[in-house]
Structures are given as structure tokens and as C-alpha cells.
>>> print(open('protein-v2.tsv').read())   # TSV, C-alpha atoms and all ligand atoms
chain	number	residue	atom	x	y	z
N	1	VAL	CA	48.88	-9.87	31.61
N	2	PHE	CA	50.08	-11.13	28.24
N	3	ALA	CA	53.24	-9.04	28.17
N	4	HIS	CA	55.40	-12.06	29.00
N	5	LEU	CA	54.43	-13.83	25.78
N	6	VAL	CA	57.11	-14.53	23.24
N	7	GLN	CA	56.37	-14.22	19.53
N	8	ALA	CA	55.33	-17.65	18.26
N	9	PRO	CA	56.95	-18.88	15.05
N	10	GLU	CA	54.85	-19.03	11.88
N	11	ASP	CA	53.52	-22.42	10.82
N	12	ALA	CA	56.12	-24.41	8.86
N	13	ILE	CA	53.81	-24.70	5.83
N	14	LEU	CA	51.34	-21.81	5.98
N	15	GLY	CA	54.14	-19.44	7.07
N	16	VAL	CA	55.80	-20.00	3.69
N	17	THR	CA	52.84	-18.28	2.01
N	18	ILE	CA	53.12	-15.35	4.43
N	19	ALA	CA	56.80	-14.91	3.53
N	20	TYR	CA	55.97	-15.26	-0.18
N	21	ASN	CA	53.25	-12.59	0.02
N	22	LYS	CA	55.74	-10.12	1.52
N	23	ASP	CA	58.27	-10.59	-1.32
N	24	PRO	CA	57.91	-7.83	-3.96
N	25	SER	CA	59.95	-9.74	-6.58
N	26	PRO	CA	58.11	-10.28	-9.92
N	27	ILE	CA	59.75	-13.69	-10.37
N	28	LYS	CA	58.69	-15.10	-6.99
N	29	LEU	CA	57.26	-18.60	-6.95
N	30	ASN	CA	55.29	-20.27	-4.15
N	31	LEU	CA	55.82	-24.04	-4.01
N	32	GLY	CA	55.08	-24.23	-0.29
N	33	VAL	CA	51.46	-24.99	0.48
N	34	GLY	CA	49.82	-27.96	-1.25
N	35	ALA	CA	47.21	-26.05	-3.22
N	36	TYR	CA	46.48	-26.59	-6.89
N	37	ARG	CA	47.30	-23.84	-9.40
N	38	THR	CA	46.52	-23.62	-13.11
N	39	GLU	CA	49.16	-23.28	-15.85
N	40	GLU	CA	48.69	-19.53	-15.33
N	41	GLY	CA	49.58	-19.94	-11.67
N	42	LYS	CA	46.03	-19.12	-10.54
N	43	PRO	CA	43.86	-20.94	-7.94
N	44	LEU	CA	41.19	-23.09	-9.60
N	45	VAL	CA	37.50	-23.34	-8.80
N	46	LEU	CA	36.26	-26.51	-10.47
N	47	ASN	CA	33.45	-26.15	-13.02
N	48	VAL	CA	31.36	-28.74	-11.19
N	49	VAL	CA	31.71	-26.74	-8.01
N	50	ARG	CA	30.43	-23.61	-9.78
N	51	LYS	CA	27.50	-25.63	-11.17
N	52	ALA	CA	26.68	-27.08	-7.76
N	53	GLU	CA	26.81	-23.63	-6.18
N	54	GLN	CA	24.46	-22.31	-8.86
N	55	GLN	CA	22.00	-25.09	-8.07
N	56	LEU	CA	22.21	-24.24	-4.38
N	57	ILE	CA	21.60	-20.53	-5.04
N	58	ASN	CA	18.60	-21.28	-7.30
N	59	ASP	CA	17.00	-23.48	-4.66
N	60	ARG	CA	14.86	-21.00	-2.72
N	61	SER	CA	13.83	-23.65	-0.23
N	62	ARG	CA	17.33	-23.76	1.21
N	63	ILE	CA	17.65	-22.39	4.70
N	64	LYS	CA	20.54	-21.56	6.99
N	65	GLU	CA	19.43	-23.40	10.11
N	66	TYR	CA	21.98	-25.24	12.25
N	67	LEU	CA	22.95	-28.63	10.94
N	68	PRO	CA	22.79	-31.57	13.35
N	69	ILE	CA	25.96	-32.09	15.43
N	70	VAL	CA	27.07	-34.81	12.98
N	71	GLY	CA	26.53	-32.55	9.96
N	72	LEU	CA	24.65	-33.05	6.72
N	73	GLY	CA	23.24	-36.59	6.64
N	74	GLU	CA	23.29	-37.02	2.87
N	75	PHE	CA	26.87	-35.74	2.68
N	76	ASN	CA	27.91	-38.25	5.33
N	77	LYS	CA	26.36	-41.19	3.49
N	78	LEU	CA	27.84	-40.17	0.14
N	79	SER	CA	31.28	-39.57	1.68
N	80	ALA	CA	31.32	-43.05	3.22
N	81	LYS	CA	30.39	-44.53	-0.18
N	82	LEU	CA	33.09	-42.52	-1.93
N	83	ILE	CA	35.86	-43.74	0.32
N	84	LEU	CA	34.70	-47.26	1.20
N	85	GLY	CA	33.06	-48.09	-2.15
N	86	ALA	CA	29.37	-48.25	-3.08
N	87	ASP	CA	29.34	-52.01	-2.49
N	88	SER	CA	31.19	-51.90	0.83
N	89	PRO	CA	30.07	-54.69	3.18
N	90	ALA	CA	30.51	-52.35	6.14
N	91	ILE	CA	28.04	-49.84	4.67
N	92	ARG	CA	25.58	-52.60	3.72
N	93	GLU	CA	25.68	-53.92	7.28
N	94	ASN	CA	25.28	-50.41	8.79
N	95	ARG	CA	28.58	-50.79	10.64
N	96	VAL	CA	29.93	-47.37	9.64
N	97	THR	CA	29.32	-44.10	11.36
N	98	THR	CA	30.28	-40.96	9.45
N	99	VAL	CA	30.31	-37.41	10.75
N	100	GLU	CA	30.96	-34.22	8.80
N	101	CYS	CA	34.02	-32.41	10.14
N	102	LEU	CA	36.13	-29.37	9.37
N	103	SER	CA	38.17	-30.81	6.50
N	104	GLY	CA	40.96	-33.32	7.09
N	105	THR	CA	42.39	-31.56	10.12
N	106	GLY	CA	39.04	-31.43	11.92
N	107	SER	CA	38.33	-35.07	11.10
N	108	LEU	CA	41.70	-36.14	12.49
N	109	ARG	CA	41.20	-34.04	15.60
N	110	VAL	CA	37.70	-35.40	16.33
N	111	GLY	CA	38.87	-38.97	15.67
N	112	GLY	CA	41.96	-38.44	17.84
N	113	GLU	CA	39.92	-37.08	20.72
N	114	PHE	CA	37.39	-39.90	20.43
N	115	LEU	CA	40.23	-42.44	20.65
N	116	ALA	CA	41.84	-40.63	23.57
N	117	ARG	CA	38.53	-40.86	25.48
N	118	HIS	CA	37.34	-44.33	24.55
N	119	TYR	CA	40.11	-46.51	23.14
N	120	HIS	CA	42.21	-48.63	25.47
N	121	GLN	CA	45.54	-47.62	23.87
N	122	LYS	CA	46.61	-43.97	23.92
N	123	THR	CA	49.66	-44.14	21.67
N	124	ILE	CA	49.49	-43.28	17.99
N	125	TYR	CA	52.36	-44.14	15.64
N	126	ILE	CA	52.83	-41.66	12.79
N	127	PRO	CA	55.19	-42.07	9.83
N	128	GLN	CA	58.59	-40.41	9.88
N	129	PRO	CA	58.33	-37.93	8.19
N	130	THR	CA	54.68	-36.90	8.01
N	131	TRP	CA	52.53	-33.80	7.53
N	132	GLY	CA	53.77	-31.29	10.11
N	133	ASN	CA	50.32	-30.84	11.64
N	134	HIS	CA	49.84	-34.53	12.52
N	135	PRO	CA	51.88	-34.66	15.75
N	136	LYS	CA	50.29	-31.43	17.01
N	137	ILE	CA	46.74	-32.56	16.24
N	138	PHE	CA	47.11	-35.88	18.03
N	139	THR	CA	49.05	-34.51	21.00
N	140	LEU	CA	46.37	-31.89	21.61
N	141	ALA	CA	43.69	-34.54	21.14
N	142	GLY	CA	45.18	-36.32	24.16
N	143	LEU	CA	47.18	-39.09	22.51
N	144	SER	CA	50.85	-39.80	22.92
N	145	VAL	CA	52.69	-39.64	19.60
N	146	LYS	CA	55.48	-41.96	18.46
N	147	THR	CA	56.94	-42.46	14.99
N	148	TYR	CA	57.59	-45.42	12.73
N	149	ARG	CA	60.24	-45.49	10.01
N	150	TYR	CA	58.78	-44.72	6.58
N	151	TYR	CA	61.18	-42.93	4.26
N	152	ASP	CA	64.67	-43.92	3.21
N	153	PRO	CA	66.68	-40.82	2.21
N	154	SER	CA	69.32	-42.97	0.50
N	155	THR	CA	66.84	-44.43	-2.01
N	156	ARG	CA	64.30	-41.60	-1.76
N	157	GLY	CA	61.78	-44.39	-1.49
N	158	LEU	CA	59.98	-46.43	1.14
N	159	ASN	CA	61.88	-47.93	4.07
N	160	PHE	CA	59.60	-50.96	4.06
N	161	GLN	CA	61.79	-53.09	6.27
N	162	GLY	CA	62.04	-50.33	8.87
N	163	LEU	CA	58.27	-49.79	8.72
N	164	LEU	CA	57.55	-53.48	9.34
N	165	GLU	CA	60.07	-53.64	12.17
N	166	ASP	CA	58.68	-50.58	13.93
N	167	LEU	CA	55.04	-51.58	13.60
N	168	GLY	CA	56.02	-55.11	14.63
N	169	ALA	CA	57.60	-53.70	17.79
N	170	ALA	CA	54.66	-51.40	18.65
N	171	PRO	CA	52.66	-52.46	21.72
N	172	GLN	CA	49.56	-54.55	21.01
N	173	GLY	CA	46.57	-52.41	20.06
N	174	SER	CA	48.49	-49.18	19.32
N	175	ILE	CA	46.93	-46.73	16.87
N	176	VAL	CA	48.74	-46.31	13.55
N	177	LEU	CA	48.29	-43.31	11.28
N	178	LEU	CA	48.47	-44.30	7.62
N	179	HIS	CA	48.38	-41.94	4.63
N	180	ALA	CA	45.81	-43.55	2.33
N	181	CYS	CA	47.65	-42.39	-0.81
N	182	ALA	CA	50.05	-39.71	-2.05
N	183	HIS	CA	52.02	-39.58	1.19
N	184	ASN	CA	52.69	-36.03	2.36
N	185	PRO	CA	55.51	-34.86	2.23
N	186	THR	CA	57.40	-37.68	0.50
N	187	GLY	CA	55.15	-38.71	-2.43
N	188	VAL	CA	56.16	-42.30	-1.62
N	189	ASP	CA	53.41	-44.92	-1.18
N	190	PRO	CA	53.60	-48.67	-0.45
N	191	THR	CA	52.63	-50.96	-3.34
N	192	LEU	CA	49.40	-52.96	-2.97
N	193	GLU	CA	51.48	-56.05	-2.08
N	194	GLN	CA	53.22	-54.06	0.63
N	195	TRP	CA	49.87	-52.74	1.86
N	196	GLU	CA	48.72	-56.34	2.17
N	197	GLN	CA	51.74	-57.16	4.34
N	198	ILE	CA	51.12	-54.06	6.46
N	199	ARG	CA	47.48	-55.08	6.86
N	200	LYS	CA	48.35	-58.62	7.94
N	201	LEU	CA	50.91	-57.41	10.44
N	202	MET	CA	48.60	-54.78	11.89
N	203	ARG	CA	45.64	-57.10	12.21
N	204	SER	CA	47.80	-59.81	13.79
N	205	LYS	CA	48.81	-57.34	16.51
N	206	GLY	CA	45.42	-55.67	16.86
N	207	LEU	CA	46.90	-52.31	15.76
N	208	MET	CA	44.15	-49.76	15.03
N	209	PRO	CA	44.39	-48.17	11.55
N	210	PHE	CA	43.63	-44.47	11.31
N	211	PHE	CA	43.77	-43.46	7.65
N	212	ASP	CA	44.31	-39.89	6.55
N	213	SER	CA	42.81	-39.56	3.06
N	214	ALA	CA	43.60	-36.05	1.87
N	215	TYR	CA	44.41	-36.84	-1.76
N	216	GLN	CA	41.87	-39.39	-3.02
N	217	GLY	CA	42.07	-39.16	-6.83
N	218	PHE	CA	45.38	-37.31	-6.88
N	219	ALA	CA	47.73	-40.29	-6.73
N	220	SER	CA	46.50	-42.47	-9.61
N	221	GLY	CA	43.89	-40.13	-11.03
N	222	SER	CA	41.20	-42.68	-10.04
N	223	LEU	CA	39.09	-42.31	-6.90
N	224	ASP	CA	38.59	-46.07	-6.52
N	225	THR	CA	42.23	-47.00	-7.05
N	226	ASP	CA	43.40	-44.47	-4.47
N	227	ALA	CA	40.96	-45.88	-1.89
N	228	LYS	CA	42.16	-49.48	-2.33
N	229	PRO	CA	44.42	-49.68	0.74
N	230	ILE	CA	41.52	-48.59	2.97
N	231	ARG	CA	39.11	-51.03	1.33
N	232	MET	CA	41.58	-53.88	1.93
N	233	PHE	CA	41.37	-53.15	5.65
N	234	VAL	CA	37.56	-52.98	5.49
N	235	ALA	CA	37.33	-56.25	3.59
N	236	ASP	CA	38.87	-58.21	6.47
N	237	GLY	CA	35.98	-57.20	8.73
N	238	GLY	CA	38.11	-55.29	11.24
N	239	GLU	CA	37.75	-51.81	12.67
N	240	LEU	CA	39.33	-48.61	11.39
N	241	LEU	CA	39.02	-44.85	11.26
N	242	VAL	CA	39.33	-42.70	8.16
N	243	ALA	CA	39.58	-38.92	7.85
N	244	GLN	CA	38.56	-37.55	4.45
N	245	SER	CA	39.27	-34.11	3.05
N	246	TYR	CA	37.67	-32.45	0.02
N	247	ALA	CA	40.18	-29.60	0.08
N	248	LYS	CA	42.38	-30.90	-2.72
N	249	ASN	CA	40.21	-33.24	-4.79
N	250	MET	CA	37.28	-30.81	-5.08
N	251	GLY	CA	39.41	-27.70	-4.60
N	252	LEU	CA	37.26	-26.75	-1.58
N	253	TYR	CA	40.23	-25.65	0.55
N	254	GLY	CA	38.60	-22.72	2.35
N	255	GLU	CA	35.19	-24.37	2.73
N	256	ARG	CA	36.72	-26.71	5.33
N	257	VAL	CA	34.74	-29.77	4.35
N	258	GLY	CA	35.66	-33.30	5.32
N	259	ALA	CA	34.37	-36.38	7.08
N	260	LEU	CA	35.38	-38.85	9.74
N	261	SER	CA	34.19	-42.42	9.30
N	262	ILE	CA	34.58	-45.13	11.91
N	263	VAL	CA	34.07	-48.67	10.71
N	264	CYS	CA	32.86	-50.90	13.55
N	265	LYS	CA	32.17	-54.61	13.87
N	266	ALA	CA	28.43	-54.30	14.42
N	267	ALA	CA	25.62	-51.82	13.68
N	268	ASP	CA	24.66	-51.28	17.33
N	269	VAL	CA	28.29	-50.43	18.16
N	270	ALA	CA	28.41	-47.90	15.30
N	271	GLY	CA	25.30	-46.24	16.72
N	272	ARG	CA	26.88	-45.90	20.16
N	273	VAL	CA	30.14	-44.65	18.63
N	274	GLU	CA	28.18	-41.92	16.86
N	275	SER	CA	26.51	-40.88	20.10
N	276	GLN	CA	29.96	-40.47	21.69
N	277	LEU	CA	31.33	-38.56	18.69
N	278	LYS	CA	28.54	-36.05	19.24
N	279	LEU	CA	29.82	-35.49	22.77
N	280	VAL	CA	33.27	-34.73	21.34
N	281	ILE	CA	31.97	-32.34	18.67
N	282	ARG	CA	29.31	-30.33	20.53
N	283	PRO	CA	31.67	-28.52	22.94
N	284	MET	CA	34.33	-28.15	20.23
N	285	TYR	CA	32.38	-26.28	17.50
N	286	SER	CA	28.76	-27.29	18.08
N	287	ASN	CA	27.95	-28.36	14.53
N	288	PRO	CA	29.71	-28.04	11.17
N	289	PRO	CA	29.10	-25.49	8.38
N	290	ILE	CA	26.48	-26.18	5.72
N	291	HIS	CA	27.79	-24.73	2.46
N	292	GLY	CA	30.80	-26.89	1.57
N	293	ALA	CA	29.04	-30.11	2.51
N	294	SER	CA	26.05	-29.11	0.37
N	295	ILE	CA	28.32	-28.55	-2.64
N	296	VAL	CA	29.86	-32.00	-2.17
N	297	ALA	CA	26.45	-33.64	-1.76
N	298	VAL	CA	25.11	-32.04	-4.98
N	299	ILE	CA	28.13	-33.34	-6.92
N	300	LEU	CA	28.22	-36.83	-5.43
N	301	ARG	CA	24.48	-37.46	-5.80
N	302	ASP	CA	24.25	-36.50	-9.49
N	303	ARG	CA	25.74	-38.98	-11.97
N	304	ASN	CA	26.56	-36.30	-14.58
N	305	LEU	CA	28.20	-33.94	-12.13
N	306	PHE	CA	30.06	-36.82	-10.55
N	307	ASN	CA	31.47	-37.90	-13.92
N	308	GLU	CA	32.42	-34.34	-14.75
N	309	TRP	CA	34.19	-34.07	-11.41
N	310	THR	CA	36.26	-37.19	-12.07
N	311	LEU	CA	37.40	-35.68	-15.39
N	312	GLU	CA	38.39	-32.40	-13.77
N	313	LEU	CA	40.20	-34.27	-11.03
N	314	LYS	CA	42.06	-36.38	-13.57
N	315	ALA	CA	43.06	-33.22	-15.45
N	316	MET	CA	44.57	-31.78	-12.25
N	317	ALA	CA	46.43	-35.04	-11.53
N	318	ASP	CA	47.69	-35.21	-15.14
N	319	ARG	CA	48.95	-31.63	-15.07
N	320	ILE	CA	50.98	-32.44	-11.97
N	321	ILE	CA	52.45	-35.54	-13.65
N	322	SER	CA	53.40	-33.41	-16.65
N	323	MET	CA	55.14	-30.93	-14.29
N	324	ARG	CA	57.16	-33.85	-12.89
N	325	LYS	CA	58.30	-34.83	-16.38
N	326	GLN	CA	59.11	-31.26	-17.36
N	327	LEU	CA	61.16	-30.59	-14.23
N	328	PHE	CA	63.02	-33.88	-14.59
N	329	GLU	CA	63.82	-33.11	-18.24
N	330	ALA	CA	64.89	-29.56	-17.42
N	331	LEU	CA	67.40	-30.84	-14.85
N	332	ARG	CA	68.67	-33.44	-17.27
N	333	ALA	CA	69.10	-30.80	-19.97
N	334	ARG	CA	71.17	-28.72	-17.55
N	335	GLY	CA	73.30	-31.72	-16.60
N	336	THR	CA	72.45	-31.13	-12.94
N	337	PRO	CA	74.53	-33.55	-10.85
N	338	GLY	CA	72.64	-36.25	-8.93
N	339	ASP	CA	69.89	-38.76	-9.57
N	340	TRP	CA	66.58	-36.91	-10.01
N	341	THR	CA	64.44	-39.89	-11.05
N	342	HIS	CA	62.51	-39.60	-7.77
N	343	ILE	CA	60.82	-36.51	-9.26
N	344	ILE	CA	59.01	-38.76	-11.75
N	345	LYS	CA	58.69	-41.75	-9.42
N	346	GLN	CA	57.03	-39.98	-6.48
N	347	ILE	CA	53.31	-39.42	-6.70
N	348	GLY	CA	50.65	-36.93	-5.66
N	349	MET	CA	51.07	-33.22	-5.14
N	350	PHE	CA	54.57	-33.18	-3.71
N	351	THR	CA	58.14	-33.97	-4.61
N	352	PHE	CA	60.47	-34.55	-1.69
N	353	THR	CA	63.53	-33.20	-3.45
N	354	GLY	CA	66.24	-34.15	-0.98
N	355	LEU	CA	67.37	-30.49	-0.82
N	356	ASN	CA	68.44	-29.50	2.69
N	357	PRO	CA	67.30	-26.44	4.70
N	358	ALA	CA	70.41	-24.42	3.75
N	359	GLN	CA	69.82	-25.14	0.06
N	360	VAL	CA	66.15	-24.21	0.39
N	361	SER	CA	67.00	-20.92	2.04
N	362	TYR	CA	69.56	-20.15	-0.70
N	363	MET	CA	66.90	-20.75	-3.36
N	364	THR	CA	64.49	-18.47	-1.54
N	365	LYS	CA	67.06	-15.72	-1.09
N	366	GLU	CA	68.59	-15.80	-4.56
N	367	TYR	CA	65.73	-17.08	-6.72
N	368	HIS	CA	62.61	-16.05	-4.73
N	369	ILE	CA	61.42	-19.64	-4.74
N	370	TYR	CA	59.41	-20.50	-1.62
N	371	MET	CA	59.11	-24.04	-0.26
N	372	THR	CA	59.12	-25.81	3.09
N	373	SER	CA	62.55	-26.15	4.69
N	374	ASP	CA	62.43	-29.97	4.44
N	375	GLY	CA	62.87	-29.64	0.67
N	376	ARG	CA	59.27	-30.48	-0.24
N	377	ILE	CA	57.94	-28.75	-3.33
N	378	SER	CA	54.31	-28.57	-4.34
N	379	MET	CA	54.31	-29.69	-7.97
N	380	ALA	CA	50.79	-28.27	-8.23
N	381	GLY	CA	52.24	-24.77	-7.85
N	382	LEU	CA	54.52	-25.19	-10.86
N	383	SER	CA	53.76	-24.41	-14.55
N	384	SER	CA	55.53	-24.84	-17.88
N	385	LYS	CA	56.56	-21.19	-17.60
N	386	THR	CA	58.14	-21.55	-14.16
N	387	VAL	CA	59.87	-24.94	-14.58
N	388	PRO	CA	63.04	-23.37	-16.10
N	389	HIS	CA	63.34	-20.93	-13.19
N	390	LEU	CA	63.08	-23.77	-10.65
N	391	ALA	CA	65.50	-25.95	-12.61
N	392	ASP	CA	68.01	-23.06	-12.77
N	393	ALA	CA	67.72	-22.62	-8.99
N	394	ILE	CA	68.17	-26.33	-8.23
N	395	HIS	CA	71.09	-26.53	-10.63
N	396	ALA	CA	72.75	-23.48	-9.05
N	397	VAL	CA	72.33	-24.71	-5.50
N	398	VAL	CA	73.63	-28.23	-6.09
N	399	THR	CA	76.63	-27.06	-8.13
N	400	LYS	CA	77.51	-24.18	-5.79
I	1	LIG	C1	50.05	-29.01	2.86
I	1	LIG	O1	50.62	-29.98	3.36
I	1	LIG	O2	50.63	-28.11	2.25
I	1	LIG	C2	48.55	-28.91	2.94
I	1	LIG	O3	48.04	-30.05	3.55
I	1	LIG	C3	48.06	-27.64	3.50
I	1	LIG	C4	48.21	-27.53	4.98
I	1	LIG	O4	47.20	-27.21	5.64
I	1	LIG	O5	49.30	-27.75	5.51
>>> encode(input="protein-v2.tsv", output="C-alpha cells")
Amino acid sequence: VFAHLVQAPEDAILGVTIAYNKDPSPIKLNLGVGAYRTEEGKPLVLNVVRKAEQQLINDRSRIKEYLPIVGLGEFNKLSAKLILGADSPAIRENRVTTVECLSGTGSLRVGGEFLARHYHQKTIYIPQPTWGNHPKIFTLAGLSVKTYRYYDPSTRGLNFQGLLEDLGAAPQGSIVLLHACAHNPTGVDPTLEQWEQIRKLMRSKGLMPFFDSAYQGFASGSLDTDAKPIRMFVADGGELLVAQSYAKNMGLYGERVGALSIVCKAADVAGRVESQLKLVIRPMYSNPPIHGASIVAVILRDRNLFNEWTLELKAMADRIISMRKQLFEALRARGTPGDWTHIIKQIGMFTFTGLNPAQVSYMTKEYHIYMTSDGRISMAGLSSKTVPHLADAIHAVVTK
């Protein structure tokens, strides 16, 4: 009965890793998926994570019972504090409901489905371009997806005018997906002044902010600084949704740990929102896993572990910044034609190089360098040893 099925294409991002794994070349380099690597090109388990896991193993009272539908209560409280700030008025006034979800993707999906069921507007505006999974998540959640202008290829920066025009023209009350920091794939974020203008415009039109926070701590190296845009929207007393992921900033990729917070206008509303979120989650996956959320809770509740985490996070962010400088210098040393300053200007894990799909495929074929076809490279996958190889490939493809 399934014989009529056609072979589905691989995922645009995760499929890059599959192709990379099949390549026997000793010089192959995977700059596709946004996953942190050490200078030796190895995945990293943070020291604080190992310590937290040790604590969990030593605690013989721990059991493996089902969590509640909304997940681990302590994790939820600590996650809301991490993203909204310990002194957030919304937390103080019990206007926030937070549920543990399956990393960023799961949080976006649960939030999307909640909005599709209960919010009066069913259209979500996502930036152009955005993470390839966004349109699929929201479409399957039952929302209709439209885009707003975000990136200007001619400046390799923000198309702020286009963004304001498109959000200004969106129907009253539409949902707007905003990357909290370190925009994926472009590495281009609004300034705080621009965020303030976006906030004013959105609030004046009753547009509902849905923040995707997948890189808190990776843009500036500071958890609080990276959460500022969200906190500006909380400070005005209005509603919003935020999806948090611990994949990148705690390196908990495969643990699938994240949280969805919905900031409401009153505590009783937040309580009812939570009751409805449970109705979304229960038939989807019943309740979330316990291990990853327990690791996060151990780290966030303990001042020493928390401080150690911020140092490890900063070290990851700094290594990425150093990769940006090294790649930029390597291209300059080769006299590679073109303006490559965007490599050092863009922030977060990715550089949106401006290379086109044909150039990307040439680099993969001739240099065994793997990246997404839109020209995005994960700077976190690069090391001092591999920068020259990448610079050689870029130089060859743009001078060819
Ligand atoms: C990425 O953009 O590479 C990451 O967010 C990983 C993923 O799931 O796509």
C-alpha cells in the first residue's frame, strides 16, 4: 500500500551531515548543522553538564516516574527566570506560564498549536530568510505562514525599512516570529534602538510577538544582554510567547530540552492558558523527558555551577568570534575579491556568506566542505587548523 510513495528529500540542514558522513575524504569539513565543535573538531560536553549528571547519578532518591504534562516544575520556573530576568514583573505577578517542551522545535510547535486553537488571528509572519524548519512547524501547527523582509543581500545586513513596512502592513493582531538574538541563518540582529521601534510598531498594531530564543548567550556572550529584546516587550506589560532551547547554550542537543513561556496580562489568565497547553501536549507526546530538564535545573539552581556555566558559554562564544577573525584575515591574506567584512560583523553561530548554491556545491565537490545550499556556514564547526582550507575553497570559487 505504500508502493506509490516517492523518496522524500533529506532535510536541508540535517541532510548535510548525512552527506558528510558518507564522504570518505580525510580533509572533509562539516559546516552544515549549527552544533559547537572544539578546536580539535570534536563535539563538546560542558564540564558543568558532567558535574550535574554526576550529582543526578549520586542521588539515589531519584526515580523515573512520568513527569507532569507540563514537565519539571523547578526547571520551568528557572527557565522563565533565565529568559525574562530574575526581577521580571511578569514573574513577580504570576502572569507567566512555562511548560517544558522538546527543545526549541517542540516549544515552537506547542506554542504554534496553542495559537492555532485559541488565538483570534491564524497568520504568523516569519522573517525572510529564517531557519528552514520554521515554516514547516507553524504550517503543521495549523497556522498560515507569511514572510516579512529581514535581510538585505546588497548590504549583507538588516533590511530595517522593509521589515517596518511589512510589519506595518500586516493585519491587526497577526503573530510575528522574532529571533531573540543571533538570527539564524543570517547572523544579523536589529540594534536595541531598532528593537524599540519594532516593539512600538508591533504593540500599536496589536501584533503578537513569538520569540524564538535558541542562542541565548551566544550572540554577546552574556545571557542577560541576549535576552534584552524579549525583556523590552515584557516591560511594556503586553503579552508574548517565547520558545527557549538549551541545545546550543548548554550543549544539550540530543537531550531535547527547552521551554515555552507565555506571558499573559493577569495571573488567572496564565492559569487557564496552562490548562489549555496541557490539552495540546497530552495527545502529542504525553509528557516530556526527565533527564535533560534535571541537568538544567541542577545548573540553574546552584550559584557556583551557574557561574561556571556562564564562563564555559562565554568561551564557546569567544572561540566562534576568533574563527570569524581568522577566516576574515585568511581571505584578506589571499586577496580574495569582494567585501568580506560581514564575516566579522555578523554574530552568533553562523555566517551568511553570500555564496550561491552553485558555489556551495563546487566547494563540496572539490574541497569536501559541507554547508547548507543558502551559503550559511556554521562558524562553530571551524578551527584554526581548518580555516586555511575553507579560505582556499572560498578563494577558488569566487575567482573561478
Ligand atoms: C541549525 O540551524 O543548524 C540548527 O538549529 C540545527 C537544526 O535542527 O536545524
>>> closest_residue(input="protein-v2.tsv", among="N:Thr336, N:Asn30, N:Thr130, N:Ser103", to="Leu177 in chain N", atoms="all atoms listed in the file")
N:Thr130
>>> residues_around(input="protein-v2.tsv", residues="Leu67 in chain N", least_positions_apart="2", cutoff="7 Å", atoms="only C-alpha atoms", output="VMD selection string")
chain N and resid 65 69 71 to 72 287 to 288 290
>>> residues_near_ligand(input="protein-v2.tsv", ligand="ligand LIG 1 (chain I)", cutoff="8 Å", atoms="only C-alpha atoms and all ligand atoms", output="ChimeraX atom specification")
/N:13-14,32-35,105,131-133,184-185,214,378
>>> residues_around(input="protein-v2.tsv", residues="Cys181 in chain N", least_positions_apart="5", cutoff="7 Å", atoms="all atoms listed in the file", output="PyMOL selection string")
chain N and resi 189+213+215-216+219+226
>>> write_last_selection(input="protein-v2.tsv", atoms="C-alpha atoms", output="CSV table (one decimal), in the coordinates of the input")
chain,number,residue,atom,x,y,z
N,189,ASP,CA,53.4,-44.9,-1.2
N,213,SER,CA,42.8,-39.6,3.1
N,215,TYR,CA,44.4,-36.8,-1.8
N,216,GLN,CA,41.9,-39.4,-3.0
N,219,ALA,CA,47.7,-40.3,-6.7
N,226,ASP,CA,43.4,-44.5,-4.5
>>> closest_atom_pairs(input="protein-v2.tsv", of="range 37-154 of chain N", to="range 239-242 of chain N", cutoff="9 Å", atoms="all atoms listed in the file", output="Markdown table")
| residue | atom | partner | partner_atom | distance |
| --- | --- | --- | --- | --- |
| N:Ile83 | CA | N:Val242 | CA | 8.6 |
| N:Ser107 | CA | N:Val242 | CA | 8.2 |
| N:Leu108 | CA | N:Val242 | CA | 8.2 |
| N:Gly111 | CA | N:Leu241 | CA | 7.4 |
>>> closest_residue(input="protein-v2.tsv", among="N:Arg92, N:Arg303, N:Arg117, N:His389", to="Ala330 in chain N", atoms="all atoms listed in the file")
N:His389
>>> closest_residue(input="protein-v2.tsv", among="N:Leu78, N:Ala333, N:Leu84, N:Ile320", to="Ile262 in chain N", atoms="all atoms listed in the file")
N:Leu84
>>> residues_near_point(input="protein-v2.tsv", point="(47.4, -54.7, 5.0)", cutoff="12 Å", atoms="all atoms listed in the file", output="MDAnalysis selection string")
chainID N and resid 164 167 178 180 190:205 207:209 228:236 238 240
>>> atom_distance(input="protein-v2.tsv", atom1="CA of Leu252 in chain N", atom2="CA of Phe138 in chain N")
23.8 Å
>>> closest_residue(input="protein-v2.tsv", among="N:Arg376, N:Lys278, N:His395, N:Arg156", to="Phe114 in chain N", atoms="all atoms listed in the file")
N:Lys278
>>> residues_around(input="protein-v2.tsv", residues="Val257 in chain N", least_positions_apart="4", cutoff="12 Å", atoms="all atoms listed in the file", output="PyMOL selection string")
chain N and resi 71-72+75-76+79+99-107+214+243-253+288-297
>>> closest_residue(input="protein-v2.tsv", among="N:Pro337, N:Gly348, N:Pro89, N:Gly15", to="Val397 in chain N", atoms="all atoms listed in the file")
N:Pro337
>>> atom_distance(input="protein-v2.tsv", atom1="CA of Tyr125 in chain N", atom2="CA of Gln161 in chain N")
16.0 Å
>>> atom_distance(input="protein-v2.tsv", atom1="CA of Ile377 in chain N", atom2="CA of Met349 in chain N")
8.4 Å
>>> closest_residue(input="protein-v2.tsv", among="N:Ile18, N:Thr399, N:Val49, N:Asn94", to="Glu255 in chain N", atoms="only C-alpha atoms")
N:Val49
>>> residues_around(input="protein-v2.tsv", residues="Gly354 in chain N", least_positions_apart="6", cutoff="10 Å", atoms="only C-alpha atoms", output="PyMOL selection string")
chain N and resi 153-154+156+186+340+342+374-376
>>> residues_around(input="protein-v2.tsv", residues="Tyr151 in chain N", least_positions_apart="3", cutoff="7 Å", atoms="only C-alpha atoms", output="short mmCIF file (atom, residue, chain, number, x, y, z; two decimals) with C-alpha atoms, in the frame of the given file")
data_model
loop_
_atom_site.label_atom_id
_atom_site.label_comp_id
_atom_site.auth_asym_id
_atom_site.auth_seq_id
_atom_site.Cartn_x
_atom_site.Cartn_y
_atom_site.Cartn_z
CA GLN N 128 58.59 -40.41 9.88
CA PRO N 129 58.33 -37.93 8.19
CA ARG N 156 64.30 -41.60 -1.76
CA GLY N 157 61.78 -44.39 -1.49
CA LEU N 158 59.98 -46.43 1.14
CA ASN N 159 61.88 -47.93 4.07
#
>>> residues_near_point(input="protein-v2.tsv", point="(25.0, -29.4, -7.1)", cutoff="7 Å", atoms="only C-alpha atoms", output="PyMOL selection string")
chain N and resi 51-53+55-56+295+297-299
>>> write_last_selection(input="protein-v2.tsv", atoms="C-alpha atoms", output="PDB file, in the frame of the given file")
ATOM      1  CA  LYS N  51      27.500 -25.630 -11.170  1.00  0.00           C
ATOM      2  CA  ALA N  52      26.680 -27.080  -7.760  1.00  0.00           C
ATOM      3  CA  GLU N  53      26.810 -23.630  -6.180  1.00  0.00           C
ATOM      4  CA  GLN N  55      22.000 -25.090  -8.070  1.00  0.00           C
ATOM      5  CA  LEU N  56      22.210 -24.240  -4.380  1.00  0.00           C
ATOM      6  CA  ILE N 295      28.320 -28.550  -2.640  1.00  0.00           C
ATOM      7  CA  ALA N 297      26.450 -33.640  -1.760  1.00  0.00           C
ATOM      8  CA  VAL N 298      25.110 -32.040  -4.980  1.00  0.00           C
ATOM      9  CA  ILE N 299      28.130 -33.340  -6.920  1.00  0.00           C
TER      10      ILE N 299
END
